[in-house]
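Asker: Next up, protein-v4.cif (mmCIF, C-alpha atoms and all ligand atoms).
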```
data_run
#
loop_
_atom_site.group_PDB
_atom_site.id
_atom_site.type_symbol
_atom_site.label_atom_id
_atom_site.label_comp_id
_atom_site.auth_asym_id
_atom_site.auth_seq_id
_atom_site.Cartn_x
_atom_site.Cartn_y
_atom_site.Cartn_z
ATOM 1 C CA ALA A 1 0.000 0.000 0.000
ATOM 2 C CA GLN A 2 1.082 3.523 -0.701
ATOM 3 C CA ARG A 3 1.583 5.258 2.652
ATOM 4 C CA HIS A 4 0.271 8.715 3.275
ATOM 5 C CA PRO A 5 3.255 10.889 4.296
ATOM 6 C CA THR A 6 3.029 11.604 8.027
ATOM 7 C CA ASN A 7 5.487 14.507 7.948
ATOM 8 C CA LEU A 8 3.151 16.811 6.032
ATOM 9 C CA PRO A 9 3.881 20.475 6.522
ATOM 10 C CA LEU A 10 1.134 22.154 8.526
ATOM 11 C CA LEU A 11 -1.694 22.882 6.160
ATOM 12 C CA LYS A 12 -3.153 25.656 8.210
ATOM 13 C CA ASN A 13 -2.269 29.145 7.103
ATOM 14 C CA GLU A 14 -0.766 31.548 9.622
ATOM 15 C CA ASP A 15 -4.130 33.202 10.265
ATOM 16 C CA GLY A 16 -5.727 29.825 11.071
ATOM 17 C CA THR A 17 -7.617 29.445 7.794
ATOM 18 C CA ILE A 18 -7.631 26.011 6.169
ATOM 19 C CA GLY A 19 -4.863 25.486 3.631
ATOM 20 C CA LEU A 20 -5.657 22.840 1.038
ATOM 21 C CA LYS A 21 -2.885 21.261 -0.963
ATOM 22 C CA ASN A 22 -4.948 20.448 -4.031
ATOM 23 C CA ARG A 23 -4.052 23.144 -6.544
ATOM 24 C CA ASN A 24 -6.681 21.936 -9.023
ATOM 25 C CA ILE A 25 -9.504 23.525 -7.069
ATOM 26 C CA LEU A 26 -7.767 26.905 -7.116
ATOM 27 C CA ASN A 27 -8.161 26.914 -10.893
ATOM 28 C CA LEU A 28 -11.925 26.361 -10.827
ATOM 29 C CA ASP A 29 -14.099 29.313 -11.812
ATOM 30 C CA GLU A 30 -16.890 27.962 -9.683
ATOM 31 C CA ASP A 31 -16.783 24.926 -7.402
ATOM 32 C CA VAL A 32 -20.006 22.915 -7.208
ATOM 33 C CA LEU A 33 -20.483 21.359 -3.776
ATOM 34 C CA TYR A 34 -22.894 18.939 -5.333
ATOM 35 C CA HIS A 35 -24.148 17.039 -2.256
ATOM 36 C CA LEU A 36 -24.738 20.265 -0.334
ATOM 37 C CA ALA A 37 -26.526 21.746 -3.372
ATOM 38 C CA PHE A 38 -24.692 25.073 -3.524
ATOM 39 C CA THR A 39 -21.475 26.435 -4.997
ATOM 40 C CA ASN A 40 -18.764 28.724 -3.701
ATOM 41 C CA LYS A 41 -20.411 31.460 -5.817
ATOM 42 C CA SER A 42 -24.113 30.844 -5.141
ATOM 43 C CA ILE A 43 -23.677 31.797 -1.465
ATOM 44 C CA ASP A 44 -21.313 34.420 -0.050
ATOM 45 C CA LEU A 45 -19.543 31.752 1.989
ATOM 46 C CA GLU A 46 -17.124 34.127 3.695
ATOM 47 C CA ALA A 47 -19.948 36.383 4.892
ATOM 48 C CA LYS A 48 -22.204 33.544 6.013
ATOM 49 C CA PHE A 49 -19.698 30.992 7.383
ATOM 50 C CA GLY A 50 -16.433 32.877 7.936
ATOM 51 C CA ASP A 51 -17.067 33.012 11.691
ATOM 52 C CA VAL A 52 -17.543 29.237 12.185
ATOM 53 C CA LYS A 53 -15.469 27.960 15.142
ATOM 54 C CA PHE A 54 -17.059 24.596 15.912
ATOM 55 C CA VAL A 55 -18.383 22.077 13.435
ATOM 56 C CA CYS A 56 -20.495 19.192 14.599
ATOM 57 C CA THR A 57 -21.561 16.228 12.517
ATOM 58 C CA GLY A 58 -23.377 12.933 13.067
ATOM 59 C CA GLY A 59 -25.656 10.538 11.267
ATOM 60 C CA THR A 60 -29.132 12.037 11.142
ATOM 61 C CA LYS A 61 -30.626 15.394 10.150
ATOM 62 C CA GLU A 62 -32.923 15.513 13.179
ATOM 63 C CA ARG A 63 -30.115 15.028 15.696
ATOM 64 C CA LEU A 64 -27.932 17.685 14.170
ATOM 65 C CA LYS A 65 -30.786 20.161 14.083
ATOM 66 C CA GLU A 66 -31.414 19.341 17.697
ATOM 67 C CA PHE A 67 -27.728 19.886 18.449
ATOM 68 C CA ALA A 68 -27.829 23.312 16.759
ATOM 69 C CA LEU A 69 -30.898 24.295 18.812
ATOM 70 C CA TYR A 70 -29.314 22.919 21.990
ATOM 71 C CA MET A 71 -26.162 24.979 21.396
ATOM 72 C CA ALA A 72 -28.224 28.102 20.670
ATOM 73 C CA GLN A 73 -29.851 27.667 24.051
ATOM 74 C CA ARG A 74 -26.553 26.999 25.840
ATOM 75 C CA LEU A 75 -24.829 29.998 24.258
ATOM 76 C CA GLY A 76 -27.871 32.264 24.687
ATOM 77 C CA ILE A 77 -28.376 32.768 20.951
ATOM 78 C CA LYS A 78 -31.902 33.827 19.926
ATOM 79 C CA ILE A 79 -33.399 32.157 16.856
ATOM 80 C CA GLU A 80 -36.232 33.759 14.967
ATOM 81 C CA GLY A 81 -38.549 31.370 13.140
ATOM 82 C CA ASP A 82 -37.455 27.981 11.902
ATOM 83 C CA LEU A 83 -33.761 27.242 11.658
ATOM 84 C CA ARG A 84 -32.540 27.532 8.053
ATOM 85 C CA ASP A 85 -31.325 24.331 6.411
ATOM 86 C CA TRP A 86 -28.528 25.542 4.140
ATOM 87 C CA ALA A 87 -28.376 22.210 2.276
ATOM 88 C CA GLU A 88 -32.160 21.795 1.952
ATOM 89 C CA LYS A 89 -32.095 21.474 -1.840
ATOM 90 C CA SER A 90 -29.706 18.525 -1.603
ATOM 91 C CA LYS A 91 -32.336 16.325 0.072
ATOM 92 C CA ARG A 92 -29.470 14.083 1.221
ATOM 93 C CA PHE A 93 -27.869 16.230 3.889
ATOM 94 C CA ALA A 94 -28.962 19.064 6.153
ATOM 95 C CA MET A 95 -26.774 21.880 7.453
ATOM 96 C CA TYR A 96 -27.569 24.385 10.196
ATOM 97 C CA LYS A 97 -25.708 27.341 11.657
ATOM 98 C CA VAL A 98 -26.198 29.098 14.978
ATOM 99 C CA GLY A 99 -23.608 31.706 15.910
ATOM 100 C CA PRO A 100 -20.152 30.092 15.622
ATOM 101 C CA ILE A 101 -21.592 26.562 15.435
ATOM 102 C CA LEU A 102 -22.091 24.651 12.186
ATOM 103 C CA ALA A 103 -24.017 21.366 12.329
ATOM 104 C CA PHE A 104 -24.569 18.947 9.454
ATOM 105 C CA ASN A 105 -25.498 15.282 9.144
ATOM 106 C CA HIS A 106 -23.380 12.729 7.295
ATOM 107 C CA GLY A 107 -25.569 9.631 6.917
ATOM 108 C CA ILE A 108 -24.355 6.110 7.684
ATOM 109 C CA GLY A 109 -20.910 4.749 6.895
ATOM 110 C CA ILE A 110 -17.597 5.946 5.544
ATOM 111 C CA PRO A 111 -18.518 6.776 1.910
ATOM 112 C CA SER A 112 -21.513 8.904 2.897
ATOM 113 C CA MET A 113 -19.577 10.601 5.699
ATOM 114 C CA THR A 114 -16.496 11.398 3.595
ATOM 115 C CA ILE A 115 -18.612 13.032 0.878
ATOM 116 C CA ALA A 116 -20.312 15.371 3.333
ATOM 117 C CA LEU A 117 -17.075 16.004 5.234
ATOM 118 C CA GLN A 118 -14.992 16.818 2.153
ATOM 119 C CA GLU A 119 -17.580 19.263 0.827
ATOM 120 C CA VAL A 120 -17.811 20.982 4.234
ATOM 121 C CA ILE A 121 -13.981 21.193 4.397
ATOM 122 C CA LYS A 122 -13.988 22.900 0.984
ATOM 123 C CA MET A 123 -16.848 25.152 2.033
ATOM 124 C CA LEU A 124 -14.950 26.323 5.141
ATOM 125 C CA PHE A 125 -11.810 26.764 3.041
ATOM 126 C CA TYR A 126 -13.733 29.156 0.766
ATOM 127 C CA ALA A 127 -15.340 30.769 3.821
ATOM 128 C CA LYS A 128 -11.881 31.410 5.350
ATOM 129 C CA ALA A 129 -13.051 30.035 8.700
ATOM 130 C CA LYS A 130 -10.250 30.171 11.284
ATOM 131 C CA ASN A 131 -9.092 27.185 13.360
ATOM 132 C CA PRO A 132 -12.394 25.304 13.305
ATOM 133 C CA ILE A 133 -12.637 22.204 15.515
ATOM 134 C CA PHE A 134 -14.759 19.316 14.227
ATOM 135 C CA PHE A 135 -16.755 16.874 16.357
ATOM 136 C CA ARG A 136 -18.555 13.731 15.319
ATOM 137 C CA ILE A 137 -21.319 12.833 17.778
ATOM 138 C CA GLY A 138 -22.607 9.353 17.190
ATOM 139 C CA THR A 139 -23.939 6.041 18.338
ATOM 140 C CA CYS A 140 -21.982 2.800 18.609
ATOM 141 C CA GLY A 141 -21.738 -0.637 20.119
ATOM 142 C CA GLY A 142 -19.712 -0.734 23.339
ATOM 143 C CA LEU A 143 -16.974 -3.249 24.160
ATOM 144 C CA GLY A 144 -17.132 -3.876 27.874
ATOM 145 C CA VAL A 145 -18.677 -0.447 28.419
ATOM 146 C CA GLU A 146 -22.310 0.003 29.346
ATOM 147 C CA ALA A 147 -25.102 1.385 27.184
ATOM 148 C CA GLY A 148 -25.681 5.087 27.776
ATOM 149 C CA SER A 149 -22.059 5.868 28.654
ATOM 150 C CA VAL A 150 -19.836 8.046 26.435
ATOM 151 C CA VAL A 151 -16.707 6.990 24.558
ATOM 152 C CA ILE A 152 -14.212 9.585 23.286
ATOM 153 C CA SER A 153 -11.999 8.123 20.555
ATOM 154 C CA LYS A 154 -8.206 8.184 20.548
ATOM 155 C CA TRP A 155 -7.876 6.486 17.153
ATOM 156 C CA GLY A 156 -9.805 4.508 14.596
ATOM 157 C CA LEU A 157 -9.069 0.871 13.809
ATOM 158 C CA ASN A 158 -10.209 -0.613 10.501
ATOM 159 C CA GLY A 159 -11.629 -4.081 9.851
ATOM 160 C CA TYR A 160 -8.122 -5.463 9.218
ATOM 161 C CA LEU A 161 -7.063 -4.212 12.645
ATOM 162 C CA ASN A 162 -4.931 -1.409 11.218
ATOM 163 C CA LYS A 163 -5.038 2.152 12.484
ATOM 164 C CA SER A 164 -5.616 3.516 9.024
ATOM 165 C CA TYR A 165 -8.214 4.515 6.459
ATOM 166 C CA ASP A 166 -7.376 2.558 3.310
ATOM 167 C CA LEU A 167 -8.903 3.908 0.119
ATOM 168 C CA PRO A 168 -8.427 2.453 -3.346
ATOM 169 C CA VAL A 169 -7.237 5.269 -5.636
ATOM 170 C CA LEU A 170 -6.417 4.566 -9.303
ATOM 171 C CA GLY A 171 -6.226 0.861 -8.561
ATOM 172 C CA LYS A 172 -3.851 1.170 -5.610
ATOM 173 C CA THR A 173 -4.453 1.373 -1.881
ATOM 174 C CA TYR A 174 -3.873 4.819 -0.446
ATOM 175 C CA SER A 175 -3.389 4.318 3.293
ATOM 176 C CA MET A 176 -3.926 7.216 5.676
ATOM 177 C CA PRO A 177 -3.195 7.096 9.445
ATOM 178 C CA SER A 178 -6.302 7.344 11.612
ATOM 179 C CA PHE A 179 -5.274 9.027 14.858
ATOM 180 C CA LEU A 180 -7.444 11.729 16.381
ATOM 181 C CA ASP A 181 -6.195 14.963 17.916
ATOM 182 C CA ARG A 182 -4.834 14.000 21.341
ATOM 183 C CA ARG A 183 -5.332 17.373 22.928
ATOM 184 C CA VAL A 184 -9.005 17.777 22.039
ATOM 185 C CA ALA A 185 -9.759 14.169 23.090
ATOM 186 C CA GLN A 186 -8.019 14.696 26.437
ATOM 187 C CA GLU A 187 -9.728 18.051 26.997
ATOM 188 C CA LEU A 188 -13.152 16.570 26.204
ATOM 189 C CA TYR A 189 -12.462 13.755 28.657
ATOM 190 C CA LEU A 190 -11.481 16.209 31.402
ATOM 191 C CA VAL A 191 -14.526 18.390 30.727
ATOM 192 C CA ALA A 192 -16.773 15.311 30.945
ATOM 193 C CA LYS A 193 -15.166 14.253 34.237
ATOM 194 C CA GLU A 194 -15.471 17.749 35.724
ATOM 195 C CA SER A 195 -19.125 18.007 34.707
ATOM 196 C CA LYS A 196 -20.049 15.172 37.087
ATOM 197 C CA ASN A 197 -22.478 13.734 34.529
ATOM 198 C CA ASP A 198 -24.800 10.898 35.486
ATOM 199 C CA PHE A 199 -23.071 8.698 32.880
ATOM 200 C CA GLN A 200 -19.546 7.284 32.669
ATOM 201 C CA THR A 201 -17.064 8.649 30.116
ATOM 202 C CA TYR A 202 -14.236 6.595 28.601
ATOM 203 C CA LEU A 203 -11.252 7.430 26.405
ATOM 204 C CA GLY A 204 -10.264 4.620 24.060
ATOM 205 C CA GLY A 205 -9.822 3.181 20.602
ATOM 206 C CA THR A 206 -12.733 2.896 18.168
ATOM 207 C CA MET A 207 -13.227 0.329 15.472
ATOM 208 C CA GLY A 208 -14.709 1.890 12.334
ATOM 209 C CA SER A 209 -16.240 -0.979 10.421
ATOM 210 C CA GLU A 210 -17.544 -1.153 6.864
ATOM 211 C CA ASP A 211 -20.711 -3.024 7.777
ATOM 212 C CA PHE A 212 -23.142 -3.126 10.684
ATOM 213 C CA TYR A 213 -23.629 -6.913 10.635
ATOM 214 C CA ARG A 214 -20.796 -9.289 9.700
ATOM 215 C CA GLY A 215 -18.321 -6.402 9.677
ATOM 216 C CA GLN A 216 -19.039 -5.919 13.390
ATOM 217 C CA ALA A 217 -18.929 -9.681 14.074
ATOM 218 C CA ARG A 218 -22.708 -9.831 14.548
ATOM 219 C CA LEU A 219 -24.500 -13.170 14.399
ATOM 220 C CA ASP A 220 -27.943 -11.711 13.600
ATOM 221 C CA GLY A 221 -27.585 -10.465 10.028
ATOM 222 C CA PRO A 222 -29.151 -12.212 7.025
ATOM 223 C CA PHE A 223 -25.731 -13.784 6.377
ATOM 224 C CA CYS A 224 -23.256 -15.164 8.860
ATOM 225 C CA ASN A 225 -20.171 -17.287 8.315
ATOM 226 C CA HIS A 226 -18.653 -17.316 11.786
ATOM 227 C CA THR A 227 -19.553 -19.016 15.064
ATOM 228 C CA LYS A 228 -20.460 -17.412 18.359
ATOM 229 C CA GLU A 229 -17.078 -18.536 19.735
ATOM 230 C CA GLU A 230 -15.221 -16.874 16.846
ATOM 231 C CA LYS A 231 -17.224 -13.694 17.392
ATOM 232 C CA MET A 232 -16.367 -13.598 21.097
ATOM 233 C CA THR A 233 -12.674 -14.307 20.401
ATOM 234 C CA PHE A 234 -12.598 -11.421 17.917
ATOM 235 C CA LEU A 235 -14.391 -8.949 20.193
ATOM 236 C CA LYS A 236 -12.073 -9.856 23.069
ATOM 237 C CA GLU A 237 -9.070 -9.406 20.778
ATOM 238 C CA LEU A 238 -10.360 -5.913 19.924
ATOM 239 C CA ALA A 239 -10.864 -5.119 23.611
ATOM 240 C CA SER A 240 -7.332 -6.315 24.450
ATOM 241 C CA ARG A 241 -6.002 -3.837 21.861
ATOM 242 C CA GLY A 242 -7.734 -0.949 23.618
ATOM 243 C CA VAL A 243 -10.879 -0.764 21.498
ATOM 244 C CA LYS A 244 -13.802 0.528 23.562
ATOM 245 C CA ASN A 245 -16.455 0.836 20.869
ATOM 246 C CA ILE A 246 -17.447 -0.038 17.316
ATOM 247 C CA GLU A 247 -19.056 2.340 14.822
ATOM 248 C CA MET A 248 -18.810 2.984 11.087
ATOM 249 C CA GLU A 249 -16.860 6.200 10.383
ATOM 250 C CA ALA A 250 -13.953 6.603 12.842
ATOM 251 C CA THR A 251 -11.009 5.702 10.587
ATOM 252 C CA ALA A 252 -12.008 7.977 7.717
ATOM 253 C CA PHE A 253 -13.021 10.868 9.965
ATOM 254 C CA ALA A 254 -9.671 10.734 11.794
ATOM 255 C CA ALA A 255 -7.679 10.410 8.579
ATOM 256 C CA LEU A 256 -9.380 13.251 6.700
ATOM 257 C CA MET A 257 -9.119 15.613 9.670
ATOM 258 C CA THR A 258 -5.386 14.876 9.845
ATOM 259 C CA GLU A 259 -4.970 15.325 6.112
ATOM 260 C CA ALA A 260 -6.772 18.690 6.253
ATOM 261 C CA GLY A 261 -4.770 19.870 9.282
ATOM 262 C CA ILE A 262 -8.012 20.266 11.264
ATOM 263 C CA ARG A 263 -8.472 19.175 14.892
ATOM 264 C CA GLY A 264 -11.252 16.620 15.191
ATOM 265 C CA ALA A 265 -12.869 14.480 17.874
ATOM 266 C CA ILE A 266 -15.362 11.609 17.998
ATOM 267 C CA VAL A 267 -17.782 11.315 20.911
ATOM 268 C CA CYS A 268 -20.163 8.343 20.826
ATOM 269 C CA VAL A 269 -22.796 6.708 22.997
ATOM 270 C CA PRO A 270 -22.963 2.902 23.079
ATOM 271 C CA PHE A 271 -26.490 1.577 22.559
ATOM 272 C CA LEU A 272 -25.521 -1.866 23.886
ATOM 273 C CA ASN A 273 -22.546 -3.780 25.225
ATOM 274 C CA ARG A 274 -21.455 -6.032 22.358
ATOM 275 C CA LEU A 275 -19.964 -8.555 24.799
ATOM 276 C CA HIS A 276 -23.563 -9.252 25.859
ATOM 277 C CA GLY A 277 -25.372 -9.340 22.514
ATOM 278 C CA ASP A 278 -26.018 -8.038 19.023
ATOM 279 C CA GLN A 279 -29.539 -6.612 18.943
ATOM 280 C CA VAL A 280 -30.409 -3.080 19.980
ATOM 281 C CA THR A 281 -33.378 -3.828 22.248
ATOM 282 C CA SER A 282 -33.785 -0.643 24.306
ATOM 283 C CA THR A 283 -36.889 1.493 23.743
ATOM 284 C CA LYS A 284 -36.815 4.450 21.337
ATOM 285 C CA GLU A 285 -37.333 6.781 24.299
ATOM 286 C CA GLN A 286 -34.309 5.331 26.067
ATOM 287 C CA LEU A 287 -32.117 5.546 22.937
ATOM 288 C CA THR A 288 -33.171 9.152 22.295
ATOM 289 C CA GLN A 289 -32.319 10.066 25.859
ATOM 290 C CA TRP A 290 -28.901 8.381 25.633
ATOM 291 C CA GLU A 291 -28.175 10.299 22.423
ATOM 292 C CA ASN A 292 -28.173 13.482 24.482
ATOM 293 C CA ASN A 293 -25.020 12.358 26.314
ATOM 294 C CA PRO A 294 -22.478 13.076 23.536
ATOM 295 C CA MET A 295 -24.266 16.406 22.910
ATOM 296 C CA LYS A 296 -23.874 17.279 26.577
ATOM 297 C CA VAL A 297 -20.115 16.540 26.545
ATOM 298 C CA VAL A 298 -19.480 18.536 23.348
ATOM 299 C CA GLY A 299 -21.802 21.321 24.575
ATOM 300 C CA ASP A 300 -19.900 21.587 27.864
ATOM 301 C CA TYR A 301 -16.614 21.734 25.936
ATOM 302 C CA ILE A 302 -17.812 24.595 23.736
ATOM 303 C CA VAL A 303 -19.328 26.533 26.654
ATOM 304 C CA LYS A 304 -16.039 26.151 28.575
ATOM 305 C CA TYR A 305 -14.126 27.413 25.553
ATOM 306 C CA TYR A 306 -16.098 30.681 25.624
ATOM 307 C CA GLU A 307 -15.870 30.963 29.425
ATOM 308 C CA ASN A 308 -12.070 30.821 29.148
ATOM 309 C CA GLN A 309 -11.880 33.404 26.354
HETATM 310 C C1 LIG B 1 -23.210 4.247 14.264
HETATM 311 O O1 LIG B 1 -24.511 4.021 14.032
HETATM 312 C C2 LIG B 1 -24.734 3.892 12.629
HETATM 313 C C3 LIG B 1 -25.202 2.497 12.322
HETATM 314 O O2 LIG B 1 -26.329 2.160 13.066
HETATM 315 C C4 LIG B 1 -23.415 4.262 11.993
HETATM 316 O O3 LIG B 1 -23.462 5.482 11.294
HETATM 317 C C5 LIG B 1 -22.528 4.414 13.129
HETATM 318 O O4 LIG B 1 -21.248 4.753 13.003
HETATM 319 N N1 LIG B 2 -23.892 1.704 15.602
HETATM 320 C C1 LIG B 2 -23.009 0.765 15.178
HETATM 321 O O1 LIG B 2 -22.292 0.984 14.194
HETATM 322 N N2 LIG B 2 -22.935 -0.405 15.856
HETATM 323 C C2 LIG B 2 -23.715 -0.678 16.913
HETATM 324 O O2 LIG B 2 -23.607 -1.770 17.472
HETATM 325 C C3 LIG B 2 -24.646 0.302 17.335
HETATM 326 C C4 LIG B 2 -24.712 1.490 16.656
#
```
Rewrite the coordinates I just gave you, this time as structure tokens.
Ligand code: R2B
Ligand code: URA

Answerer:
Amino acid sequence: AQRHPTNLPLLKNEDGTIGLKNRNILNLDEDVLYHLAFTNKSIDLEAKFGDVKFVCTGGTKERLKEFALYMAQRLGIKIEGDLRDWAEKSKRFAMYKVGPILAFNHGIGIPSMTIALQEVIKMLFYAKAKNPIFFRIGTCGGLGVEAGSVVISKWGLNGYLNKSYDLPVLGKTYSMPSFLDRRVAQELYLVAKESKNDFQTYLGGTMGSEDFYRGQARLDGPFCNHTKEEKMTFLKELASRGVKNIEMEATAFAALMTEAGIRGAIVCVPFLNRLHGDQVTSTKEQLTQWENNPMKVVGDYIVKYYENQ
């Protein structure tokens, strides 16, 4: 595999704006951000998004809208009428902004997430946003950690047990390291501890799998070619390597943040402990309530940031 160079010069410009190394996009008259359904010319991106400081993403539109409204309330930002969905015409994704917070959904899995993420990175490049920090809030299966707790990721591990995001490019594997920003992860963990939440918070590795069923060693998919014993051996092997949870985007999120020179963090809530089963059996009400836990941790982090300004 072709290795991504780890000694990249810092991509960020001196003023904190995102520096992208792809010169091809500088030569475009107009850049169509197709999945967001706008271009760098159809919206004055610098005027509308130049002040973005925190970017939050996650699977569903509803959750990310809720996060935007939650942050408006926590930061005392008044919203008149319904919150504008900047990507409404796309139908696929939704994007909201309240004050310095940008929130968009990324769907399920690495390909959907990387499309949304790359277009938002370009958008913030055009907007000249300074030093934005990205968070993914999500759901996951826990490994030896209880449902309703919170796991902050240190790195992503792929299905071959490598800490990398491996993408076929022109017929060859392009392998990118998948470590998350250590400082933001540590700070989030400390903020969560200080907040004395009624849920536990863990810092650990995250497996980002390419499938919800066999790819996560489940026995309950329509297809299964492994035994219960093999599943348990695999999950215990993951746990012994420091993996605390399994979701479907961690490797690519970590790798693209690194490649863009942007600090990023992943904060997830386990919906079950995978050492005890495969099916998500809790009630919708319970799951919805648990989904507030990552929002609370990220919200506390952002509020603290402004308190310390
Ligand atoms: C967690 O939950 C989703 C699958 O149910 C996926 O997006 C993920 O990472
Ligand atoms: N999301 C996942 O990817 N896996 C789980 O087990 C639960 C939520």

Asker: Applied to the shown file, which residues does the PyMOL selection byres (((not hetatm)) within 8 of (chain B and resi 2)) return, written as a ChimeraX atom specification?

Answerer: /A:138-142,208-209,211-212,216,246-248,270-272,274,278-280

Asker: Show which residues sit within 12 Å of A:Cys268, as a count of residues only. Count all atoms listed in the file, and ignore same-chain residues fewer than 3 positions away.

Answerer: 48

Asker: For ligand LIG 1 (chain B), I'd like the enclosing box, axis-aligned and padded by 5 Å on every side, reported as JSON with centre and edge lengths in Å to one decimal.

Answerer:
```
{"center_x": -23.8, "center_y": 3.8, "center_z": 12.8, "size_x": 15.1, "size_y": 13.3, "size_z": 13.0}
```

Asker: If I take atom CA of A:Lys61 and atom CA of A:Tyr305, how far is one from the other in Å, to one decimal?

Answerer: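 Going from atom CA of A:Lys61 over to atom CA of A:Tyr305 covers 25.6 Å.
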
Asker: Taking a cut-off of 9 Å and counting only C-alpha atoms, can you build a table that, for each residue of stretch 101-152 of chain A near stretch 29-47 of chain A, reports the nearest atom pair and how far apart they are in Å (one decimal), sorted by chain then residue number, as CSV?

Answerer:
```
residue,atom,partner,partner_atom,distance
A:Ile115,CA,A:His35,CA,7.5
A:Ala116,CA,A:His35,CA,7.0
A:Glu119,CA,A:Leu33,CA,5.8
A:Val120,CA,A:Leu36,CA,8.3
A:Lys122,CA,A:Leu33,CA,8.2
A:Met123,CA,A:Asn40,CA,7.0
A:Leu124,CA,A:Leu45,CA,7.8
A:Tyr126,CA,A:Leu45,CA,6.5
A:Ala127,CA,A:Glu46,CA,3.8
A:Lys128,CA,A:Glu46,CA,6.1
A:Ala129,CA,A:Glu46,CA,7.6
```

Asker: Got time to write the residues from that selection, C-alpha atoms, as a compact mmCIF listing (two decimals), in the coordinates of the input?

Answerer:
```txt
# COMPACT_ATOMS: atom_id res chain seq x y z
CA ILE A 115 -18.61 13.03 0.88
CA ALA A 116 -20.31 15.37 3.33
CA GLU A 119 -17.58 19.26 0.83
CA VAL A 120 -17.81 20.98 4.23
CA LYS A 122 -13.99 22.90 0.98
CA MET A 123 -16.85 25.15 2.03
CA LEU A 124 -14.95 26.32 5.14
CA TYR A 126 -13.73 29.16 0.77
CA ALA A 127 -15.34 30.77 3.82
CA LYS A 128 -11.88 31.41 5.35
CA ALA A 129 -13.05 30.04 8.70
```

Asker: Return the single residue from A:Ile133, A:Ala103, A:Leu64, A:Leu161 that is closest to A:Gly16, with distances computed using all atoms listed in the file.

Answerer: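 Of the candidates, the smallest distance to A:Gly16 is held by A:Ile133.
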
Asker: Choose the residue, out of A:Thr251, A:Asn197, A:Gln186, A:Ser164, that has the smallest atom-to-atom separation from ligand LIG 1 (chain B); count all atoms listed in the file.

Answerer: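 Ranking A:Thr251, A:Asn197, A:Gln186, A:Ser164 by distance to ligand LIG 1 (chain B), first place goes to A:Thr251.
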
Asker: In terms of the shortest atom-to-atom distance over all atoms listed in the file, which of A:Ile262, A:Met257, A:Ala252, A:Val98 is closest to ligand LIG 1 (chain B)?

Answerer: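 Smallest separation from ligand LIG 1 (chain B) among the options: A:Ala252.
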
Asker: Between A:Arg182, A:Lys97, A:Lys163, A:Lys193, which has the minimum distance to A:Phe49 (counting all atoms listed in the file)?

Answerer: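 Of A:Arg182, A:Lys97, A:Lys163, A:Lys193, the one nearest A:Phe49, counting all atoms listed in the file, is A:Lys97.
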
Asker: Nearest residue to A:Gly159 out of A:Leu83, A:Ile302, A:Leu238, A:Ile18, using all atoms listed in the file?

Answerer: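 Smallest distance to A:Gly159 is found for A:Leu238.
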